[in-house]
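Take a look at the structure set out below.
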Amino acid sequence: MALLTLEAISKHYRQGEIDLPALKQVDLSVEPGEFAALVGPSGSGKTTLLNIIGGLDVPNQGHVWLHGTDLTRLKDAQLSDFRLFQLGFIFQAYNLVPVLSALENVELIMVLQGRPSAEREARARHYLSLVGLEDVMLRRPSALSGGQQQRVAVARALAAGPRLVLADEPTANLDSENATALLDIMHRLCREEKTTFIFSTHDPRVMERAERIITLRDGAIVQDQHLNQTAYADHN
Amino acid sequence: MPVQTANSSSLSMLLFMAWRNLWRNPVRSLLTVSALAGGLIMIILYSALLTGMTRQMSQHATEISTGHLQLQRQAFIDDRDLYATLPWPYLQQLEARHPEMHFAPRLYAAGLASAENTSTGVMIKAIDPLRERQTTRMLEHIRQGKADFAIADHTASGLPRYNLVIGAQLAKNMQLTPGSELILVTQAADGSIGNALFRVAAILKPLEPNFDRMGVLMSIEAFQQLMYLEDGFHELAIKLEIIDQLDSAQVTLIQQLAAFTHEQPLEPLGGDPIIRNWRQLNPAVSEMLELSQTMMLFVGLIVISLASMGMLNTMLMAVHERTHEFGILLAIGMKRRILLAMVLFESFLLALVSAALGSAVGSLMTVYLERDGIDLSHYMPDGYDWAGVVFEPVMQIYLEPTHVLHACGLMMTVTLLTALIPAWRMARLNPAEVMR
Ligand SMILES: Nc1ncnc2c1ncn2[C@@H]1O[C@H](COP(=O)(O)OP(=O)(O)OP(=O)(O)O)[C@@H](O)[C@H]1O
Ligand SMILES: [Mg+2]
């Protein structure tokens with residue numbers, strides 16, 4: 001069974017008198033464990049689609065099925081719980097709470113989940129070392145590089161134990177070296193933790209690490225390629 | 001899901017984040033704290049000053065001349081009827097029954113005073129100096145001379161010449177000083193014209209405007225000789241050892257007087273004996289005290305509302321700056337009400353720090369001022385007269401601990417209500433909009 005199924009999703013924004021379509025009848029299905037990139041020119045609807053999948057925005061038409069739940073039918077508080085337990089988010093930049101250390105940032109989401117303190121700390125340390133930050137986890141975000149901050153965001157997303165991680169241009173503010181390093185970490189965790197990833201990007205070097213590339217143009221999916229995974233394994 | 005753990009850890013995490021967020025912009029937070037604490041200090045000082053004033057007013061109302069309770073007869077209250085006296089045995093009986101009270105009998109009459117080249121109408125008040133000193137502090141308020149009521153000397157014809165004490169304004173108007181002679185002319189109780197020569201022994205400080213202008217104090221003995229009025233007294237001022245027992249003491253005395261008059265009826269023309277407490281005797285002062293409470297609340301509200309505008313500005317800015325951060329927190333699954341609680345915690349902590357600082361500094365300042373009061377005697381040696389009450393030149397400061405608590409409570413309430421505005425704005429945040 002597919003983890004995620006989008007059924008005829010449409011979204012339009014009202015701009016004065018006219019409706020501007022952002023997504024037109026989008027159908028999509030994602031299997032557990034996929035590592036999928038959402039690509040397309042600026043304004044093609046990538047962010048809009050990710051927000052709808054993440055329950056941050058509601059479509060005008062259509063349904064979002066995630067692990068058997070129709071997100072379009074959930075209330076605000078239910079959506080919030082759904083995001084907390086089922087979804088991980090990595091945004092472009094400034095993902096972290098500035099007054100908390102890396103470790104506390106990762107713990108915070110588990111505090112919200114109600115996990116016991118010992119488990120929280122163990123998991124936070126575990127995921128921070130998986131993303132290679134064991135030496136700097138007591139630093140606050142302002143004392144971390146952009147790449148390190150994004151890796152904390154990845155650790156935070158995974159420590160919560162989500163089914164699906166959504167990342168909107170996670171590498172947009174990184175140089176290409178850091179960008180590919182982040183992607184490699186994400187990909188490794190996708191495999192090891194059996195988590196599903198969907199991320200949007202403009203960067204060709206990021207795209208080439210994806211196992212699937214979904215191309216959007218003017219709010220519609222124009223191409224959906226499944227790539228050879230062994231090619232990536234060699235590359236690694 | 002272990003809900004209990006979730007709540008308690010969330011709470012401590014929220015408090016922790018709120019506290020750290022406060023010190024994210026220390027200058028701004030400290031400015032807000034000083035505005036709120038400064039407001040609180042002002043309120044505490046104002047309330048201590050006002051409380052000092054009202055205490056002085058009520059002390060003045062009771063201690064200086066009224067006493068806590070007064071006994072008079074109805075006709076004396078209504079028309080100052082010279083014949084509406086109470087028999088002397090009443091005084092002895094009350095004194096025998098109530099060692100915990102002090103009683104000062106008084107008699108009154110109107111007269112005409114003449115000195116070398118002026119004459120004026122006066123109000124004669126006769127007292128028992130010994131009992132008066134135990135009951136009120138009137139005789140301590142001497143500006144010049146010595147409060148002596150004994151016989152000064154005898155006239156050429158062998159009549160005693162008594163000492164008396166006069167009001168401040170009267171002394172000034174008639175150009176009298178201690179040692180001056182004064183002739184008093186009255187209509188005595190038997191209808192004859194009483195007149196006698198007196199010696200001014202002392203001049204009182206201002207006590208009450210009417211008395212200052214017309215008051216003449218003499219001993220009851222002198223009064224009886226001048227007025228031929230021996231069978232009783234007009235007024236009994238009563239002082240309680242414990243002011244808190246005012247109401248019960250009043251009830252007890254009313255019952256005892258009823259018993260006295262039942263045993264030995266008074267002649268009916270003078271009316272019933274009436275016992276009134278100082279609030280009934282000085283309704284203006286009593287109203288003033290109530291008004292001052294309202295004034296304190298009003299001024300407190302204004303000052304705190306102004307100070308909380310600073311808080312509002314701080315929190316609006318803090319929330320505005322962190323829109324993106326809040327969007328992230330909402331996106332990853334933090335509930336709106338938890339976010340709201342976090343922002344309210346920040347305001348709460350700011351208010352708490354301000355309350356602690358403000359009440360500490362405010363209380364220390366008042367305690368320091370309380371010791372000596374604010375001495376204005378350099379500018380007004382006789383004190384000042386306000387709303388018919390004469391105040392001493394040293395303004396009393398009195399810190400009422402409950403006022404500090406109330407002021408803190410008021411400040412916390414107002415600032416938390418103010419904090420709802422930014423919190424409410426934030427609670428409507430749409431994470432999808434913020435993330436773009
Ligand atoms: N709040 C909004 N109001 C009006 N139009 C909007 C709003 N948000 C998005 N749009 C429009 O919807 C379309 C899709 O926008 P979206 O942000 O999803 O594109 P994108 O693919 O993420 O672009 P980019 O690569 O620049 O991030 C665009 O035409 C955009 O102008
Ligand atoms: Mg976008």
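Residues are referred to by chain and number: the chain letter is A, B, ... according to the order shown in the structure tokens, the number counts from 1 in that chain, and ligands are numbered separately from 1 in the order shown.
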Neighbour list for Gln25 of chain A as a list of chain:residue names, cut-off 8 Å, only C-alpha atoms, skip fewer than 2 positions in-chain: A:Glu7, A:Ala8, A:Ile9, A:Ser10, A:Leu23, A:Asp27, A:Gly62, A:Ala220
Starting from chain A, keep only residues with some atom at most 6 Å from an atom of chain B, counting only C-alpha atoms, and report them as a tab-separated table (two decimals) with C-alpha atoms, in the first residue's frame.
```
chain	number	residue	atom	x	y	z
A	56	LEU	CA	0.13	23.16	6.74
A	57	ASP	CA	-2.19	24.28	3.97
A	80	SER	CA	-1.04	19.51	14.70
A	81	ASP	CA	-0.83	16.13	16.45
A	83	ARG	CA	2.43	16.55	12.17
A	84	LEU	CA	3.99	15.99	15.56
A	111	VAL	CA	9.03	16.94	24.86
A	114	GLY	CA	5.53	13.48	25.73
```
field: Residues near Ala152 of chain B, cut-off 9 Å, only C-alpha atoms, skip fewer than 4 positions along chain, as a PyMOL selection string
entry: chain B and resi 148+160-163+198-199+201
Contacts between ligand 2 and chain A, please, where a residue of chain A counts if it comes within 9 Å (with only C-alpha atoms and all ligand atoms); show its shortest atom pair and distance in Å to one decimal, rows by chain and ascending number, as a tab-separated table.
```
residue	atom	partner	partner_atom_place_in_ligand_line	distance
A:Ser42	CA	ligand 2	1 (Mg)	7.0
A:Gly43	CA	ligand 2	1 (Mg)	7.0
A:Ser44	CA	ligand 2	1 (Mg)	8.3
A:Gly45	CA	ligand 2	1 (Mg)	7.0
A:Lys46	CA	ligand 2	1 (Mg)	5.5
A:Thr47	CA	ligand 2	1 (Mg)	4.1
A:Thr48	CA	ligand 2	1 (Mg)	7.2
A:Leu50	CA	ligand 2	1 (Mg)	8.9
A:Asp168	CA	ligand 2	1 (Mg)	6.7
A:Glu169	CA	ligand 2	1 (Mg)	7.2
A:Ser200	CA	ligand 2	1 (Mg)	7.7
A:Thr201	CA	ligand 2	1 (Mg)	8.6
```
field: Shortest interatomic distance to Phe223 of chain B - which of B:His60, B:Lys125, B:Arg279, B:His68, counting only C-alpha atoms
entry: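 Between B:His60, B:Lys125, B:Arg279, B:His68, the residue approaching Phe223 of chain B most closely is B:Lys125.
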message: as a list in words, please: the residues near segment 172-176 of chain A (cut-off 10 Å, only C-alpha atoms, same-chain neighbours under 5 positions excluded).
response: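 Counting only C-alpha atoms, the residues come to Phe91, Gln92, Ala93, Ser145, Gly146, Gly147, Gln150, Ala181, Leu182, Ser200, Thr201, His202, Asp203, Pro204, Arg205 and Val206 of chain A.
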Determine, counting only C-alpha atoms, which protein, DNA and RNA residues have an atom within 12 Å of an atom of Ile243 of chain B; residues of the same chain fewer than 6 positions away are not included. Present the result as an mmCIF file with all heavy atoms, in the first residue's frame.
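Output saved as out_7.cif:
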```
data_model
loop_
_atom_site.group_PDB
_atom_site.id
_atom_site.type_symbol
_atom_site.label_atom_id
_atom_site.label_comp_id
_atom_site.auth_asym_id
_atom_site.auth_seq_id
_atom_site.Cartn_x
_atom_site.Cartn_y
_atom_site.Cartn_z
ATOM 1 N N SER B 58 -7.062 60.243 60.801
ATOM 2 C CA SER B 58 -7.909 59.552 61.768
ATOM 3 C C SER B 58 -7.324 59.688 63.169
ATOM 4 O O SER B 58 -8.058 59.819 64.142
ATOM 5 C CB SER B 58 -8.122 58.093 61.374
ATOM 6 O OG SER B 58 -6.885 57.446 61.269
ATOM 7 N N GLN B 59 -5.985 59.702 63.239
ATOM 8 C CA GLN B 59 -5.378 59.932 64.550
ATOM 9 C C GLN B 59 -5.747 61.318 65.047
ATOM 10 O O GLN B 59 -6.108 61.507 66.195
ATOM 11 C CB GLN B 59 -3.860 59.864 64.445
ATOM 12 C CG GLN B 59 -3.317 58.477 64.626
ATOM 13 C CD GLN B 59 -1.834 58.437 64.327
ATOM 14 O OE1 GLN B 59 -1.186 59.470 64.243
ATOM 15 N NE2 GLN B 59 -1.328 57.248 64.149
ATOM 16 N N THR B 62 -9.176 61.458 66.245
ATOM 17 C CA THR B 62 -9.455 60.829 67.526
ATOM 18 C C THR B 62 -8.568 61.376 68.631
ATOM 19 O O THR B 62 -9.045 61.804 69.663
ATOM 20 C CB THR B 62 -9.261 59.308 67.432
ATOM 21 O OG1 THR B 62 -7.933 59.047 67.001
ATOM 22 C CG2 THR B 62 -10.238 58.698 66.470
ATOM 23 N N GLU B 63 -7.258 61.401 68.369
ATOM 24 C CA GLU B 63 -6.336 61.692 69.461
ATOM 25 C C GLU B 63 -6.324 63.144 69.882
ATOM 26 O O GLU B 63 -6.178 63.440 71.053
ATOM 27 C CB GLU B 63 -4.907 61.304 69.053
ATOM 28 C CG GLU B 63 -4.709 59.814 69.045
ATOM 29 C CD GLU B 63 -3.315 59.446 68.594
ATOM 30 O OE1 GLU B 63 -2.469 60.362 68.481
ATOM 31 O OE2 GLU B 63 -3.094 58.255 68.338
ATOM 32 N N GLY B 67 -11.432 62.008 70.655
ATOM 33 C CA GLY B 67 -11.489 60.721 71.347
ATOM 34 C C GLY B 67 -12.133 59.707 70.424
ATOM 35 O O GLY B 67 -12.580 60.044 69.323
ATOM 36 N N HIS B 68 -12.163 58.454 70.854
ATOM 37 C CA HIS B 68 -12.754 57.420 70.008
ATOM 38 C C HIS B 68 -14.270 57.459 70.034
ATOM 39 O O HIS B 68 -14.931 57.191 69.047
ATOM 40 C CB HIS B 68 -12.263 56.043 70.451
ATOM 41 C CG HIS B 68 -10.791 55.869 70.264
ATOM 42 N ND1 HIS B 68 -9.982 55.267 71.185
ATOM 43 C CD2 HIS B 68 -9.992 56.259 69.248
ATOM 44 C CE1 HIS B 68 -8.727 55.281 70.749
ATOM 45 N NE2 HIS B 68 -8.709 55.881 69.583
ATOM 46 N N LEU B 69 -14.788 57.786 71.204
ATOM 47 C CA LEU B 69 -16.240 57.851 71.356
ATOM 48 C C LEU B 69 -16.576 59.119 72.127
ATOM 49 O O LEU B 69 -15.739 59.651 72.858
ATOM 50 C CB LEU B 69 -16.740 56.647 72.163
ATOM 51 C CG LEU B 69 -16.581 55.263 71.527
ATOM 52 C CD1 LEU B 69 -16.718 54.184 72.592
ATOM 53 C CD2 LEU B 69 -17.628 55.068 70.443
ATOM 54 N N GLU B 100 -10.264 50.044 81.416
ATOM 55 C CA GLU B 100 -9.565 49.977 80.125
ATOM 56 C C GLU B 100 -9.895 51.187 79.248
ATOM 57 O O GLU B 100 -9.438 51.273 78.113
ATOM 58 C CB GLU B 100 -9.899 48.666 79.410
ATOM 59 C CG GLU B 100 -11.225 48.609 78.671
ATOM 60 C CD GLU B 100 -12.463 48.459 79.572
ATOM 61 O OE1 GLU B 100 -12.321 48.535 80.809
ATOM 62 O OE2 GLU B 100 -13.570 48.278 79.023
ATOM 63 N N MET B 101 -10.693 52.119 79.776
ATOM 64 C CA MET B 101 -11.015 53.305 78.991
ATOM 65 C C MET B 101 -10.613 54.542 79.777
ATOM 66 O O MET B 101 -10.463 54.505 80.997
ATOM 67 C CB MET B 101 -12.519 53.378 78.720
ATOM 68 C CG MET B 101 -13.066 52.213 77.930
ATOM 69 S SD MET B 101 -14.824 52.466 77.627
ATOM 70 C CE MET B 101 -15.292 50.845 77.034
ATOM 71 N N ALA B 249 -17.357 48.337 72.186
ATOM 72 C CA ALA B 249 -17.332 49.275 73.310
ATOM 73 C C ALA B 249 -18.519 50.227 73.220
ATOM 74 O O ALA B 249 -19.180 50.525 74.225
ATOM 75 C CB ALA B 249 -16.027 50.063 73.295
ATOM 76 N N GLN B 250 -18.814 50.656 71.987
ATOM 77 C CA GLN B 250 -19.933 51.573 71.794
ATOM 78 C C GLN B 250 -21.240 50.917 72.249
ATOM 79 O O GLN B 250 -22.037 51.520 72.981
ATOM 80 C CB GLN B 250 -20.014 51.967 70.317
ATOM 81 C CG GLN B 250 -21.016 53.071 70.051
ATOM 82 C CD GLN B 250 -20.962 53.543 68.605
ATOM 83 O OE1 GLN B 250 -20.295 52.955 67.766
ATOM 84 N NE2 GLN B 250 -21.669 54.627 68.325
ATOM 85 N N ASN B 277 -19.403 57.294 67.710
ATOM 86 C CA ASN B 277 -17.986 57.026 67.508
ATOM 87 C C ASN B 277 -17.378 58.105 66.624
ATOM 88 O O ASN B 277 -18.078 58.951 66.077
ATOM 89 C CB ASN B 277 -17.748 55.617 66.952
ATOM 90 C CG ASN B 277 -18.346 55.439 65.579
ATOM 91 O OD1 ASN B 277 -18.320 56.364 64.761
ATOM 92 N ND2 ASN B 277 -18.895 54.263 65.329
ATOM 93 N N TRP B 278 -16.067 58.051 66.477
ATOM 94 C CA TRP B 278 -15.397 59.169 65.801
ATOM 95 C C TRP B 278 -15.787 59.279 64.341
ATOM 96 O O TRP B 278 -15.739 60.364 63.771
ATOM 97 C CB TRP B 278 -13.887 59.081 65.979
ATOM 98 C CG TRP B 278 -13.217 57.953 65.239
ATOM 99 C CD1 TRP B 278 -12.966 56.716 65.714
ATOM 100 C CD2 TRP B 278 -12.731 57.999 63.915
ATOM 101 N NE1 TRP B 278 -12.347 55.969 64.758
ATOM 102 C CE2 TRP B 278 -12.186 56.726 63.645
ATOM 103 C CE3 TRP B 278 -12.689 58.978 62.911
ATOM 104 C CZ2 TRP B 278 -11.611 56.407 62.422
ATOM 105 C CZ3 TRP B 278 -12.117 58.659 61.700
ATOM 106 C CH2 TRP B 278 -11.588 57.382 61.453
#
```
Long-range neighbours of Met123 of chain B as a list in words, 8 Å cut-off, only C-alpha atoms, 4 positions minimum in chain: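 Counting only the stated atoms, we get Tyr108, Ala109, Ala110, Gly111, Phe211, Met214, Gly215 and Val216 of chain B.
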Residue subset to file, keeping N, CA and C atoms, as an mmCIF file, in the first residue's frame:
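Okay, out-v1.cif is ready:
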```cif
data_model
loop_
_atom_site.group_PDB
_atom_site.id
_atom_site.type_symbol
_atom_site.label_atom_id
_atom_site.label_comp_id
_atom_site.auth_asym_id
_atom_site.auth_seq_id
_atom_site.Cartn_x
_atom_site.Cartn_y
_atom_site.Cartn_z
ATOM 1 N N TYR B 108 -19.160 73.448 77.794
ATOM 2 C CA TYR B 108 -19.011 74.470 76.761
ATOM 3 C C TYR B 108 -19.897 75.666 77.062
ATOM 4 N N ALA B 109 -19.434 76.825 76.613
ATOM 5 C CA ALA B 109 -20.294 78.011 76.688
ATOM 6 C C ALA B 109 -19.800 79.045 75.687
ATOM 7 N N ALA B 110 -20.688 79.968 75.311
ATOM 8 C CA ALA B 110 -20.276 81.053 74.426
ATOM 9 C C ALA B 110 -19.997 82.277 75.277
ATOM 10 N N GLY B 111 -19.118 83.137 74.810
ATOM 11 C CA GLY B 111 -18.820 84.322 75.609
ATOM 12 C C GLY B 111 -18.207 85.421 74.766
ATOM 13 N N PHE B 211 -11.916 76.258 66.242
ATOM 14 C CA PHE B 211 -11.385 76.367 67.591
ATOM 15 C C PHE B 211 -10.186 77.308 67.623
ATOM 16 N N MET B 214 -11.656 80.844 67.806
ATOM 17 C CA MET B 214 -12.535 81.276 68.894
ATOM 18 C C MET B 214 -12.334 80.526 70.208
ATOM 19 N N GLY B 215 -11.451 79.535 70.212
ATOM 20 C CA GLY B 215 -11.404 78.649 71.364
ATOM 21 C C GLY B 215 -10.683 79.215 72.579
ATOM 22 N N VAL B 216 -11.311 79.016 73.728
ATOM 23 C CA VAL B 216 -10.686 79.364 75.002
ATOM 24 C C VAL B 216 -10.821 78.140 75.903
#
```
message: If DSSP is run on the backbone, what residues of segment 5-234 of chain A are strand (DSSP E or B)? A reply as a PyMOL selection string would be ideal.
response: chain A and resi 5-15+18-30+35-39+61-66+69-70+87-90+164-168+196-200+212-217+220-226
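Proximity ranking of A:Leu164, A:Val97, A:Leu183, A:Leu128 relative to Leu4 of chain A places A:Leu164 first, based on only C-alpha atoms.
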- prompt: Which one is closest to Ile183 of chain B: B:Pro393, B:Gly300, B:Pro206, B:Gly121? Count only C-alpha atoms.
  reply: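 Under the stated criterion, the closest residue is B:Gly121.
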